[in-house]
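Everything on this sheet refers to the single structure shown next.
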Amino acid sequence: MNKEQLMEQARAVKHAAYAPYSKFPVGAAILLKDGTVITGVNVENVSFGATNCAERTAFFTAVARGYAKGDFQAIAVAGDTEDFLPPCSICRQVMAEFCYPDMPVYLTNNKQDILELKLRELLPYAFTDLDM
Ligand code: THU
């Protein structure tokens with residue numbers, strides 16, 4: 001699966017977002033090393049802080065299905081923004097928990113361009129270890 005195909009899955013799931021407050025639907029698609037794709041959407045709450053982003057929904061689903069650090073190949077994130085939609089900092093921290101720094105993160109915009117970054121570019125000096 002290439003980055004265009006993974007991004008297509010992120011775009012395709014966006015319609016399922018529960019975003020009545022922000023009206024900002026986001027879809028995410030994680031490619032596992034075994035070829036499985038797991039998608040997620042943002043799920044908002046009237047108590048705004050209880051909102052879960054699309055990326056975390058996808059990661060938590062993957063973990064619930066038994067995947068662990070080392071199993072993650074790439075993630076694509078899709079919104080409807082003019083500029084490339086970057087993952088929030090909480091989601092970057094969740095990525096750092098489960099993914100290696102060289103994992104590709106694909107971002108897109110409403111022109112369907114794809115920007116490929118490495119996790120380490122999104123989150124340098126990540127906090128990953130209590131034994132420092
Ligand atoms: N959101 C995501 O799901 N992923 C991102 O990368 C950025 C933000 C969601 C959270 C909230 O539901 C809405 O977008 C507006 O912040």
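Letters A, B, ... mark the chains of the structure tokens in the order given; residue numbers begin at 1 per chain; ligand numbers begin at 1, in order shown.
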What does the list of residues within 8 Å of ligand 1 look like if you count only C-alpha atoms and all ligand atoms, written as a list in words? Tyr18, Ala19, Tyr21, Ser22, Lys23, Phe24, Pro25, Val26, Gly27, Ala28, Val41, Asn42, Val43, Glu44, Thr51, Asn52, Cys53, Ala54, Glu55, Arg56, Val77, Ala78, Gly79, Leu85, Pro86, Pro87, Cys88 and Cys91 of chain A
Report as a ChimeraX atom specification all protein, DNA and RNA residues lying within 12 Å of range 101-104 of chain A, evaluated on only C-alpha atoms, omitting residues in the same chain fewer than 6 positions from it. /A:2-3,6,30-33,69-77,92-93,95,114-128
Expected answer as a list of chain:residue names: strand (DSSP E) residues in chain A: A:Gly27, A:Ala28, A:Ala29, A:Ile30, A:Leu31, A:Leu32, A:Val37, A:Ile38, A:Thr39, A:Gly40, A:Val41, A:Phe72, A:Gln73, A:Ala74, A:Ile75, A:Ala76, A:Val77, A:Ala78, A:Pro104, A:Val105, A:Tyr106, A:Leu107, A:Thr108, A:Ile114, A:Leu115, A:Glu116, A:Leu117, A:Lys118
File dump, residues just selected, C-alpha atoms, as an mmCIF file, in the first residue's frame:
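The resulting file, selection_13.cif, is reproduced below:
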data_model
loop_
_atom_site.group_PDB
_atom_site.id
_atom_site.type_symbol
_atom_site.label_atom_id
_atom_site.label_comp_id
_atom_site.auth_asym_id
_atom_site.auth_seq_id
_atom_site.Cartn_x
_atom_site.Cartn_y
_atom_site.Cartn_z
ATOM 1 C CA GLY A 27 -9.857 10.931 9.488
ATOM 2 C CA ALA A 28 -6.730 8.910 10.209
ATOM 3 C CA ALA A 29 -5.479 5.636 8.767
ATOM 4 C CA ILE A 30 -2.678 3.576 10.272
ATOM 5 C CA LEU A 31 -0.845 1.002 8.192
ATOM 6 C CA LEU A 32 0.418 -1.927 10.260
ATOM 7 C CA VAL A 37 -5.154 -0.733 7.962
ATOM 8 C CA ILE A 38 -6.910 0.649 11.036
ATOM 9 C CA THR A 39 -8.827 3.894 10.747
ATOM 10 C CA GLY A 40 -10.066 6.436 13.260
ATOM 11 C CA VAL A 41 -12.041 9.671 13.448
ATOM 12 C CA PHE A 72 3.275 0.468 13.043
ATOM 13 C CA GLN A 73 4.426 1.250 9.503
ATOM 14 C CA ALA A 74 2.871 4.655 8.730
ATOM 15 C CA ILE A 75 -0.054 6.954 9.478
ATOM 16 C CA ALA A 76 -2.052 9.261 7.208
ATOM 17 C CA VAL A 77 -4.171 12.137 8.516
ATOM 18 C CA ALA A 78 -6.862 13.892 6.474
ATOM 19 C CA PRO A 104 6.421 8.246 8.125
ATOM 20 C CA VAL A 105 3.508 10.544 8.911
ATOM 21 C CA TYR A 106 1.533 11.642 5.845
ATOM 22 C CA LEU A 107 -0.353 14.936 5.962
ATOM 23 C CA THR A 108 -2.669 16.370 3.360
ATOM 24 C CA ILE A 114 0.647 14.820 0.454
ATOM 25 C CA LEU A 115 3.471 15.932 2.734
ATOM 26 C CA GLU A 116 5.612 13.126 4.143
ATOM 27 C CA LEU A 117 7.327 13.765 7.455
ATOM 28 C CA LYS A 118 9.094 11.503 9.910
#
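The smallest atom-to-atom distance between Asn109 in chain A and any of A:Glu8, A:Asp80, A:Asp34, A:Asp131, using only C-alpha atoms, is found for A:Asp80.
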Please report the interatomic distance between CA of Ala64 in chain A and CA of Ser89 in chain A in Å with one decimal.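 Rounded to one decimal, the two atoms are 22.0 Å apart.
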